[in-house]
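Text of target.pdb, listed as PDB, C-alpha atoms:
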ATOM      1  CA  ILE P1495     315.943 195.893  23.654  1.00  0.00           C
ATOM      2  CA  GLU P1496     318.640 197.127  26.022  1.00  0.00           C
ATOM      3  CA  GLY P1497     316.082 197.383  28.835  1.00  0.00           C
ATOM      4  CA  ASN P1498     314.888 193.831  28.230  1.00  0.00           C
ATOM      5  CA  PHE P1499     318.481 192.576  28.262  1.00  0.00           C
ATOM      6  CA  GLU P1500     319.180 194.324  31.591  1.00  0.00           C
ATOM      7  CA  SER P1501     315.959 192.924  33.078  1.00  0.00           C
ATOM      8  CA  ALA P1502     316.834 189.381  31.963  1.00  0.00           C
ATOM      9  CA  ALA P1503     320.355 189.744  33.326  1.00  0.00           C
ATOM     10  CA  LEU P1504     318.990 190.970  36.659  1.00  0.00           C
ATOM     11  CA  GLN P1505     316.598 188.010  36.835  1.00  0.00           C
ATOM     12  CA  ASN P1506     319.470 185.602  36.177  1.00  0.00           C
ATOM     13  CA  VAL P1507     321.515 187.186  38.954  1.00  0.00           C
ATOM     14  CA  GLU P1508     318.568 186.967  41.354  1.00  0.00           C
ATOM     15  CA  ARG P1509     317.966 183.333  40.381  1.00  0.00           C
ATOM     16  CA  GLU P1510     321.629 182.407  40.881  1.00  0.00           C
ATOM     17  CA  SER P1511     321.665 184.245  44.206  1.00  0.00           C
ATOM     18  CA  TYR P1512     318.552 182.379  45.331  1.00  0.00           C
ATOM     19  CA  VAL P1513     320.067 179.015  44.385  1.00  0.00           C
ATOM     20  CA  CYS P1514     323.224 179.895  46.343  1.00  0.00           C
ATOM     21  CA  VAL P1515     321.123 180.802  49.393  1.00  0.00           C
ATOM     22  CA  MET P1516     319.225 177.499  49.123  1.00  0.00           C
ATOM     23  CA  ILE P1517     322.499 175.563  48.940  1.00  0.00           C
ATOM     24  CA  LEU P1518     323.883 177.521  51.903  1.00  0.00           C
ATOM     25  CA  LEU P1519     320.741 176.812  53.933  1.00  0.00           C
ATOM     26  CA  GLY P1520     320.931 173.113  53.111  1.00  0.00           C
ATOM     27  CA  LEU P1521     324.613 172.923  54.049  1.00  0.00           C
ATOM     28  CA  LEU P1522     324.038 174.757  57.337  1.00  0.00           C
ATOM     29  CA  CYS P1523     321.174 172.409  58.251  1.00  0.00           C
ATOM     30  CA  VAL P1524     323.206 169.313  57.392  1.00  0.00           C
ATOM     31  CA  LEU P1525     326.277 170.587  59.284  1.00  0.00           C
ATOM     32  CA  PHE P1526     324.153 171.427  62.315  1.00  0.00           C
ATOM     33  CA  PHE P1527     322.432 168.050  62.397  1.00  0.00           C
ATOM     34  CA  VAL P1528     325.607 166.027  61.730  1.00  0.00           C
ATOM     35  CA  THR P1529     327.638 167.802  64.412  1.00  0.00           C
ATOM     36  CA  HIS P1530     324.676 167.723  66.795  1.00  0.00           C
ATOM     37  CA  SER P1531     324.332 163.937  66.503  1.00  0.00           C
ATOM     38  CA  LEU P1532     328.055 163.206  66.322  1.00  0.00           C
ATOM     39  CA  LEU P1533     328.953 165.224  69.420  1.00  0.00           C
ATOM     40  CA  ALA P1534     326.047 163.657  71.342  1.00  0.00           C
ATOM     41  CA  SER P1535     327.265 160.118  70.633  1.00  0.00           C
ATOM     42  CA  ASN P1536     328.790 158.054  73.435  1.00  0.00           C
ATOM     43  CA  SER P1537     331.983 157.538  71.440  1.00  0.00           C
ATOM     44  CA  ALA P1538     332.485 161.289  70.950  1.00  0.00           C
ATOM     45  CA  LYS P1539     331.755 161.972  74.618  1.00  0.00           C
ATOM     46  CA  GLY P1540     334.173 159.254  75.705  1.00  0.00           C
ATOM     47  CA  ALA P1541     336.945 160.608  73.482  1.00  0.00           C
ATOM     48  CA  ALA P1542     336.288 164.164  74.682  1.00  0.00           C
ATOM     49  CA  GLU P1543     336.367 163.077  78.336  1.00  0.00           C
ATOM     50  CA  LYS P1544     339.765 161.422  77.869  1.00  0.00           C
ATOM     51  CA  PHE P1545     341.141 164.434  76.029  1.00  0.00           C
ATOM     52  CA  LEU P1546     339.648 167.175  78.231  1.00  0.00           C
ATOM     53  CA  GLY P1547     339.995 165.501  81.629  1.00  0.00           C
ATOM     54  CA  SER P1548     338.587 167.730  84.351  1.00  0.00           C
ATOM     55  CA  MET P1549     337.507 170.273  81.729  1.00  0.00           C
ATOM     56  CA  PHE P1550     334.935 167.796  80.426  1.00  0.00           C
ATOM     57  CA  VAL P1551     332.360 169.397  82.758  1.00  0.00           C
ATOM     58  CA  PHE P1552     332.151 172.215  80.164  1.00  0.00           C
ATOM     59  CA  TYR P1553     331.354 169.804  77.324  1.00  0.00           C
ATOM     60  CA  ARG P1554     327.581 170.196  77.496  1.00  0.00           C
ATOM     61  CA  LEU P1555     327.815 173.989  77.679  1.00  0.00           C
ATOM     62  CA  ALA P1556     330.104 174.049  74.640  1.00  0.00           C
ATOM     63  CA  TYR P1557     327.778 171.627  72.842  1.00  0.00           C
ATOM     64  CA  ASN P1558     324.787 173.905  73.486  1.00  0.00           C
ATOM     65  CA  ALA P1559     326.749 177.017  72.467  1.00  0.00           C
ATOM     66  CA  LEU P1560     327.755 175.428  69.149  1.00  0.00           C
ATOM     67  CA  SER P1561     324.144 174.390  68.528  1.00  0.00           C
ATOM     68  CA  LEU P1562     322.950 177.947  69.168  1.00  0.00           C
ATOM     69  CA  VAL P1563     325.513 179.358  66.733  1.00  0.00           C
ATOM     70  CA  PHE P1564     324.305 177.026  63.979  1.00  0.00           C
ATOM     71  CA  LEU P1565     320.648 177.792  64.764  1.00  0.00           C
ATOM     72  CA  PHE P1566     321.359 181.533  64.637  1.00  0.00           C
ATOM     73  CA  LEU P1567     323.023 181.175  61.223  1.00  0.00           C
ATOM     74  CA  ILE P1568     320.110 179.093  59.900  1.00  0.00           C
ATOM     75  CA  LEU P1569     317.552 181.608  61.181  1.00  0.00           C
ATOM     76  CA  PHE P1570     319.613 184.458  59.716  1.00  0.00           C
ATOM     77  CA  VAL P1571     319.462 182.840  56.269  1.00  0.00           C
ATOM     78  CA  LEU P1572     315.736 182.056  56.612  1.00  0.00           C
ATOM     79  CA  LEU P1573     314.772 185.537  57.810  1.00  0.00           C
ATOM     80  CA  LYS P1574     317.027 187.481  55.464  1.00  0.00           C
ATOM     81  CA  ARG P1575     315.129 189.219  52.671  1.00  0.00           C
ATOM     82  CA  HIS P1576     315.296 187.064  49.554  1.00  0.00           C
ATOM     83  CA  GLN P1577     313.262 186.065  46.541  1.00  0.00           C
ATOM     84  CA  MET P1578     310.008 184.321  47.522  1.00  0.00           C
ATOM     85  CA  ASN P1579     309.466 181.159  45.482  1.00  0.00           C
ATOM     86  CA  PHE P1580     306.205 179.614  46.646  1.00  0.00           C
ATOM     87  CA  VAL P1581     305.444 175.898  46.363  1.00  0.00           C
ATOM     88  CA  PHE P1582     301.781 176.929  46.277  1.00  0.00           C
ATOM     89  CA  GLN P1583     300.089 180.246  46.810  1.00  0.00           C
ATOM     90  CA  PRO P1584     299.313 181.065  50.468  1.00  0.00           C
ATOM     91  CA  ASN P1585     295.876 182.251  51.509  1.00  0.00           C
ATOM     92  CA  GLN P1586     294.192 183.502  54.665  1.00  0.00           C
ATOM     93  CA  PHE P1587     292.974 180.052  55.725  1.00  0.00           C
ATOM     94  CA  LEU P1588     296.454 178.546  55.405  1.00  0.00           C
ATOM     95  CA  SER P1589     297.969 181.496  57.254  1.00  0.00           C
ATOM     96  CA  TYR P1590     295.665 180.954  60.235  1.00  0.00           C
ATOM     97  CA  ALA P1591     296.247 177.174  60.094  1.00  0.00           C
ATOM     98  CA  GLY P1592     300.001 177.735  60.023  1.00  0.00           C
ATOM     99  CA  ILE P1593     299.873 180.083  63.010  1.00  0.00           C
ATOM    100  CA  LEU P1594     297.804 177.566  64.988  1.00  0.00           C
ATOM    101  CA  ALA P1595     300.216 174.747  64.085  1.00  0.00           C
ATOM    102  CA  MET P1596     303.250 176.822  65.103  1.00  0.00           C
ATOM    103  CA  ALA P1597     301.581 177.751  68.401  1.00  0.00           C
ATOM    104  CA  ALA P1598     300.749 174.076  69.006  1.00  0.00           C
ATOM    105  CA  GLY P1599     304.346 173.128  68.215  1.00  0.00           C
ATOM    106  CA  VAL P1600     305.731 175.640  70.701  1.00  0.00           C
ATOM    107  CA  PHE P1601     303.248 174.441  73.340  1.00  0.00           C
ATOM    108  CA  ILE P1602     304.245 170.805  72.790  1.00  0.00           C
ATOM    109  CA  ILE P1603     307.931 171.719  73.035  1.00  0.00           C
ATOM    110  CA  ILE P1604     307.315 173.511  76.342  1.00  0.00           C
ATOM    111  CA  LEU P1605     305.444 170.485  77.700  1.00  0.00           C
ATOM    112  CA  ALA P1606     308.152 168.158  76.401  1.00  0.00           C
ATOM    113  CA  PHE P1607     310.814 169.958  78.441  1.00  0.00           C
ATOM    114  CA  GLY P1608     308.951 168.703  81.508  1.00  0.00           C
ATOM    115  CA  ASN P1609     310.556 165.319  80.791  1.00  0.00           C
ATOM    116  CA  TYR P1610     314.041 166.797  81.103  1.00  0.00           C
ATOM    117  CA  ASP P1611     316.200 167.972  83.948  1.00  0.00           C
ATOM    118  CA  LEU P1612     316.723 171.517  82.643  1.00  0.00           C
ATOM    119  CA  GLY P1613     319.858 172.038  84.709  1.00  0.00           C
ATOM    120  CA  GLU P1614     321.458 168.970  83.154  1.00  0.00           C
ATOM    121  CA  PHE P1615     320.056 169.782  79.707  1.00  0.00           C
ATOM    122  CA  ALA P1616     321.656 173.236  79.816  1.00  0.00           C
ATOM    123  CA  GLY P1617     324.965 171.898  81.140  1.00  0.00           C
ATOM    124  CA  ILE P1618     324.787 173.671  84.517  1.00  0.00           C
ATOM    125  CA  LYS P1619     324.621 170.582  86.733  1.00  0.00           C
ATOM    126  CA  GLN P1620     327.670 169.179  84.992  1.00  0.00           C
ATOM    127  CA  LEU P1621     329.701 172.082  86.358  1.00  0.00           C
ATOM    128  CA  ALA P1622     328.674 171.143  89.900  1.00  0.00           C
ATOM    129  CA  GLN P1623     329.085 167.429  89.074  1.00  0.00           C
ATOM    130  CA  GLN P1624     325.545 166.733  90.237  1.00  0.00           C
ATOM    131  CA  ILE P1625     324.510 164.395  87.435  1.00  0.00           C
ATOM    132  CA  HIS P1626     322.102 161.646  88.415  1.00  0.00           C
ATOM    133  CA  HIS P1627     321.647 158.751  86.000  1.00  0.00           C
ATOM    134  CA  PRO P1628     318.320 156.980  86.635  1.00  0.00           C
ATOM    135  CA  GLU P1629     318.506 153.227  87.025  1.00  0.00           C
ATOM    136  CA  LYS P1630     314.914 152.780  85.858  1.00  0.00           C
ATOM    137  CA  LEU P1631     313.133 154.159  82.799  1.00  0.00           C
ATOM    138  CA  VAL P1632     310.842 157.037  83.797  1.00  0.00           C
ATOM    139  CA  ILE P1633     307.877 157.710  81.498  1.00  0.00           C
ATOM    140  CA  LYS P1634     305.729 160.746  82.185  1.00  0.00           C
ATOM    141  CA  GLY P1635     303.786 163.522  80.511  1.00  0.00           C
ATOM    142  CA  LEU P1636     303.727 163.380  76.728  1.00  0.00           C
ATOM    143  CA  GLY P1637     306.163 160.481  76.889  1.00  0.00           C
ATOM    144  CA  LYS P1638     303.157 158.245  77.546  1.00  0.00           C
ATOM    145  CA  TYR P1639     301.886 158.972  74.028  1.00  0.00           C
ATOM    146  CA  VAL P1640     305.042 159.436  71.953  1.00  0.00           C
ATOM    147  CA  ARG P1641     308.633 158.380  72.606  1.00  0.00           C
ATOM    148  CA  HIS P1642     310.165 161.677  71.497  1.00  0.00           C
ATOM    149  CA  PRO P1643     307.744 164.483  72.452  1.00  0.00           C
ATOM    150  CA  LEU P1644     310.362 167.208  71.887  1.00  0.00           C
ATOM    151  CA  TYR P1645     310.930 166.014  68.323  1.00  0.00           C
ATOM    152  CA  PHE P1646     307.158 165.788  67.833  1.00  0.00           C
ATOM    153  CA  GLY P1647     306.823 169.453  68.799  1.00  0.00           C
ATOM    154  CA  ILE P1648     309.607 170.468  66.407  1.00  0.00           C
ATOM    155  CA  ILE P1649     307.923 168.581  63.536  1.00  0.00           C
ATOM    156  CA  VAL P1650     304.611 170.366  64.221  1.00  0.00           C
ATOM    157  CA  LEU P1651     306.427 173.722  64.417  1.00  0.00           C
ATOM    158  CA  ALA P1652     308.305 173.141  61.140  1.00  0.00           C
ATOM    159  CA  ALA P1653     305.111 172.019  59.391  1.00  0.00           C
ATOM    160  CA  GLY P1654     303.263 175.075  60.701  1.00  0.00           C
ATOM    161  CA  LEU P1655     305.978 177.408  59.399  1.00  0.00           C
ATOM    162  CA  PHE P1656     305.741 175.865  55.937  1.00  0.00           C
ATOM    163  CA  ILE P1657     301.924 176.045  55.917  1.00  0.00           C
ATOM    164  CA  TYR P1658     302.078 179.689  57.002  1.00  0.00           C
ATOM    165  CA  MET P1659     304.739 180.603  54.434  1.00  0.00           C
ATOM    166  CA  PRO P1660     304.930 177.802  51.826  1.00  0.00           C
ATOM    167  CA  THR P1661     308.210 178.798  50.187  1.00  0.00           C
ATOM    168  CA  GLN P1662     310.760 176.434  48.683  1.00  0.00           C
ATOM    169  CA  MET P1663     313.214 177.487  51.372  1.00  0.00           C
ATOM    170  CA  ASN P1664     310.844 176.615  54.216  1.00  0.00           C
ATOM    171  CA  LEU P1665     310.029 173.315  52.515  1.00  0.00           C
ATOM    172  CA  LEU P1666     313.736 172.470  52.241  1.00  0.00           C
ATOM    173  CA  SER P1667     314.394 173.281  55.891  1.00  0.00           C
ATOM    174  CA  ALA P1668     311.294 171.310  57.003  1.00  0.00           C
ATOM    175  CA  LEU P1669     312.290 168.223  54.984  1.00  0.00           C
ATOM    176  CA  ILE P1670     315.871 168.272  56.252  1.00  0.00           C
ATOM    177  CA  THR P1671     314.612 168.780  59.809  1.00  0.00           C
ATOM    178  CA  CYS P1672     312.235 165.825  59.595  1.00  0.00           C
ATOM    179  CA  ALA P1673     314.908 163.614  58.039  1.00  0.00           C
ATOM    180  CA  TYR P1674     317.358 164.498  60.802  1.00  0.00           C
ATOM    181  CA  ILE P1675     314.769 163.976  63.523  1.00  0.00           C
ATOM    182  CA  TYR P1676     314.076 160.465  62.275  1.00  0.00           C
ATOM    183  CA  ILE P1677     317.781 159.577  62.047  1.00  0.00           C
ATOM    184  CA  GLY P1678     318.580 161.305  65.353  1.00  0.00           C
ATOM    185  CA  ALA P1679     315.721 159.533  67.117  1.00  0.00           C
ATOM    186  CA  ARG P1680     316.984 156.157  65.877  1.00  0.00           C
ATOM    187  CA  LEU P1681     320.500 156.899  67.113  1.00  0.00           C
ATOM    188  CA  GLU P1682     319.166 158.134  70.447  1.00  0.00           C
ATOM    189  CA  GLU P1683     317.088 154.997  70.899  1.00  0.00           C
ATOM    190  CA  LYS P1684     320.129 152.785  70.388  1.00  0.00           C
ATOM    191  CA  LYS P1685     321.768 154.520  73.352  1.00  0.00           C
ATOM    192  CA  LEU P1686     318.612 154.188  75.444  1.00  0.00           C
ATOM    193  CA  GLU P1687     318.396 150.469  74.660  1.00  0.00           C
ATOM    194  CA  GLU P1688     321.980 150.066  75.864  1.00  0.00           C
ATOM    195  CA  VAL P1689     321.062 151.772  79.148  1.00  0.00           C
ATOM    196  CA  PHE P1690     317.578 150.347  79.846  1.00  0.00           C
ATOM    197  CA  GLY P1691     317.594 147.145  77.787  1.00  0.00           C
ATOM    198  CA  GLU P1692     314.347 145.178  77.602  1.00  0.00           C
ATOM    199  CA  GLU P1693     312.455 147.846  79.536  1.00  0.00           C
ATOM    200  CA  TYR P1694     313.011 150.362  76.743  1.00  0.00           C
ATOM    201  CA  ARG P1695     312.354 147.811  73.993  1.00  0.00           C
ATOM    202  CA  SER P1696     308.989 147.083  75.601  1.00  0.00           C
ATOM    203  CA  TYR P1697     308.294 150.839  75.660  1.00  0.00           C
ATOM    204  CA  THR P1698     309.019 151.097  71.913  1.00  0.00           C
ATOM    205  CA  GLN P1699     306.549 148.322  71.161  1.00  0.00           C
ATOM    206  CA  ARG P1700     303.600 150.013  72.859  1.00  0.00           C
ATOM    207  CA  THR P1701     304.377 153.699  72.122  1.00  0.00           C
ATOM    208  CA  LYS P1702     304.822 155.400  68.746  1.00  0.00           C
ATOM    209  CA  MET P1703     308.136 157.080  68.016  1.00  0.00           C
ATOM    210  CA  LEU P1704     307.410 160.562  66.602  1.00  0.00           C
ATOM    211  CA  LEU P1705     303.671 161.012  65.923  1.00  0.00           C
ATOM    212  CA  PRO P1706     301.206 159.894  68.636  1.00  0.00           C
ATOM    213  CA  PHE P1707     299.105 156.885  67.561  1.00  0.00           C
ATOM    214  CA  LEU P1708     300.497 157.099  63.988  1.00  0.00           C
ATOM    215  CA  PHE P1709     304.263 156.630  63.679  1.00  0.00           C
TER     216      PHE P1709
END

Would you write out, as structure tokens, the structure that this file holds?
Amino acid sequence: IEGNFESAALQNVERESYVCVMILLGLLCVLFFVTHSLLASNSAKGAAEKFLGSMFVFYRLAYNALSLVFLFLILFVLLKRHQMNFVFQPNQFLSYAGILAMAAGVFIIILAFGNYDLGEFAGIKQLAQQIHHPEKLVIKGLGKYVRHPLYFGIIVLAAGLFIYMPTQMNLLSALITCAYIYIGARLEEKKLEEVFGEEYRSYTQRTKMLLPFLF
């Protein structure tokens, strides 16, 4: 009887610990996505530029550094050894499918970066004050098939991770990621409409937002 009581108590502790980890993961994801979108907004950038003055050239670097810190914490929670609660049982077929999906996601992300000026994206050009703002909308590469190819790659990667390891924790992180991507894409498109006007609105009418030919 004493052994059964100790086993039940241990299971309760493990269950409570798992719930705490799930809550922590959810909070980290929400905090990352909220700060990521908020700090990228024109209003936040304008306020920071007034406050920082000449130091504003470091804004993008600081923004990227904060994002990396949050991503590291999220990955630490995901990769830390914890109780495995599966949504459904994995098998060899799903494992291979998940690996292929993750590889495809990484490949799409790499291609998507071709649409960006990496120096500006990383915050290096800001230090040299060499930012060039295009006067005309430039559509190239995967942008011809989906308006947000980088987000598309992240969705495929997150889906592949869940298929490969279909745990409740991976499902939670995938759902939060997809929800943020949709909200973030909407906010980003509002800014692009302000910059490019009718040209961008025409682009949205003929090109899907997140999934080529579907959505």

Query raised in the report: Need the neighbours of (311.7, 173.4, 53.0): which residues are at most 10 Å away, counting all atoms listed in the file, as number ranges by chain?
Result: P: 1516, 1519-1520, 1581, 1652-1653, 1655-1656, 1660-1671

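Across the model, the gap from atom CA of Asn1609 of chain P to atom CA of Val1632 of chain P is 8.8 Å.
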
Query - Picked residues, the PyMOL selection byres ((chain P and resi 1568) around 12), as a PyMOL selection string - result: chain P and resi 1515-1527+1561-1567+1569-1574+1663-1664+1666-1667+1671

Each segment 1533-1642 of chain P residue no farther than 9 Å from segment 1679-1683 of chain P, nearest pair in Å, only C-alpha atoms, as a Markdown table:
| residue | atom | partner | partner_atom | distance |
| --- | --- | --- | --- | --- |
| P:Ala1534 | CA | P:Glu1682 | CA | 8.9 |
| P:Ser1535 | CA | P:Leu1681 | CA | 8.3 |
| P:His1642 | CA | P:Ala1679 | CA | 7.4 |

Requested in this report: Using atom CA of Lys1702 of chain P and atom CA of Tyr1676 of chain P as the two end points, give the distance in Å to one decimal.
Outcome: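 Here the two named atoms are 12.4 Å from each other.
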
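Residues matching the PyMOL selection byres ((chain P and resi 1533) around 12) in this structure come to Leu1525, Phe1526, Phe1527, Val1528, Thr1529, His1530, Ser1531, Leu1532, Ala1534, Ser1535, Asn1536, Ser1537, Ala1538, Lys1539, Gly1540, Ala1541, Ala1542, Glu1543, Tyr1553, Arg1554, Ala1556, Tyr1557, Asn1558, Leu1560, Ser1561 and Gly1678 of chain P.
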
Report task. Pick out the residues sitting within 12 Å of Ala1597 of chain P, and hand them over as JSON, numbers by chain; count all atoms listed in the file, and ignore anything fewer than 2 positions along from it in its own chain. Result -> {"P": [1590, 1591, 1592, 1593, 1594, 1595, 1599, 1600, 1601, 1602, 1603, 1604, 1647, 1648, 1650, 1651, 1652, 1653, 1654, 1655, 1658]}

Could you write those residues out with C-alpha atoms, as a PDB file, keeping the file's coordinate frame?
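As written to disk, selection_12.pdb reads:
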ATOM      1  CA  TYR P1590     295.665 180.954  60.235  1.00  0.00           C
ATOM      2  CA  ALA P1591     296.247 177.174  60.094  1.00  0.00           C
ATOM      3  CA  GLY P1592     300.001 177.735  60.023  1.00  0.00           C
ATOM      4  CA  ILE P1593     299.873 180.083  63.010  1.00  0.00           C
ATOM      5  CA  LEU P1594     297.804 177.566  64.988  1.00  0.00           C
ATOM      6  CA  ALA P1595     300.216 174.747  64.085  1.00  0.00           C
ATOM      7  CA  GLY P1599     304.346 173.128  68.215  1.00  0.00           C
ATOM      8  CA  VAL P1600     305.731 175.640  70.701  1.00  0.00           C
ATOM      9  CA  PHE P1601     303.248 174.441  73.340  1.00  0.00           C
ATOM     10  CA  ILE P1602     304.245 170.805  72.790  1.00  0.00           C
ATOM     11  CA  ILE P1603     307.931 171.719  73.035  1.00  0.00           C
ATOM     12  CA  ILE P1604     307.315 173.511  76.342  1.00  0.00           C
ATOM     13  CA  GLY P1647     306.823 169.453  68.799  1.00  0.00           C
ATOM     14  CA  ILE P1648     309.607 170.468  66.407  1.00  0.00           C
ATOM     15  CA  VAL P1650     304.611 170.366  64.221  1.00  0.00           C
ATOM     16  CA  LEU P1651     306.427 173.722  64.417  1.00  0.00           C
ATOM     17  CA  ALA P1652     308.305 173.141  61.140  1.00  0.00           C
ATOM     18  CA  ALA P1653     305.111 172.019  59.391  1.00  0.00           C
ATOM     19  CA  GLY P1654     303.263 175.075  60.701  1.00  0.00           C
ATOM     20  CA  LEU P1655     305.978 177.408  59.399  1.00  0.00           C
ATOM     21  CA  TYR P1658     302.078 179.689  57.002  1.00  0.00           C
TER      22      TYR P1658
END

Report task. Kindly give the distance, in Å, that separates atom CA of Ile1657 of chain P and atom CA of Leu1636 of chain P, rounded to a single decimal. Result ->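 Going from atom CA of Ile1657 of chain P over to atom CA of Leu1636 of chain P, I get 24.4 Å.
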
**Report entry** Matched chain/residue IDs from the PyMOL selection byres ((chain P and resi 1704) around 7), as an MDAnalysis selection string
**Finding:** chainID P and resid 1640:1642 1645:1646 1702:1703 1705:1706 1709

Polymer residues at most 12 Å from Gly1608 of chain P, only C-alpha atoms, same-chain spacing of 6 or more positions, as a PDB file with C-alpha atoms, keeping the file's coordinate frame:
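Result written to around-v6.pdb:
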ATOM      1  CA  PHE P1601     303.248 174.441  73.340  1.00  0.00           C
ATOM      2  CA  ILE P1602     304.245 170.805  72.790  1.00  0.00           C
ATOM      3  CA  PHE P1615     320.056 169.782  79.707  1.00  0.00           C
ATOM      4  CA  ILE P1633     307.877 157.710  81.498  1.00  0.00           C
ATOM      5  CA  LYS P1634     305.729 160.746  82.185  1.00  0.00           C
ATOM      6  CA  GLY P1635     303.786 163.522  80.511  1.00  0.00           C
ATOM      7  CA  LEU P1636     303.727 163.380  76.728  1.00  0.00           C
ATOM      8  CA  GLY P1637     306.163 160.481  76.889  1.00  0.00           C
ATOM      9  CA  PRO P1643     307.744 164.483  72.452  1.00  0.00           C
ATOM     10  CA  LEU P1644     310.362 167.208  71.887  1.00  0.00           C
TER      11      LEU P1644
END

Query raised in the report: So which one's closest to Thr1698 of chain P, P:Tyr1639, P:Gly1617, P:Phe1607, P:Cys1672? Using all atoms listed in the file, please.
Result: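 Nearest to Thr1698 of chain P: P:Tyr1639.
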
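Using all atoms listed in the file, the smallest distance between any of P:Leu1631, P:Met1596, P:Ile1618, P:Leu1555 and Tyr1694 of chain P comes from P:Leu1631.
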
Please write out, as AutoDock Vina command-line options, where the centre of an axis-aligned box around all listed atoms of segment 1680-1692 of chain P lies and how long its edges are, in Å to one decimal, after adding 8 Å on each side.
--center_x 318.2 --center_y 151.7 --center_z 72.9 --size_x 23.6 --size_y 29.0 --size_z 30.0

**Report entry** Distance query 7 Å from (301.3, 179.8, 51.4) using only C-alpha atoms, result as a list in words
**Finding:** Phe1580, Phe1582, Gln1583, Pro1584, Asn1585, Leu1588, Ser1589, Ile1657, Tyr1658, Met1659 and Pro1660 of chain P
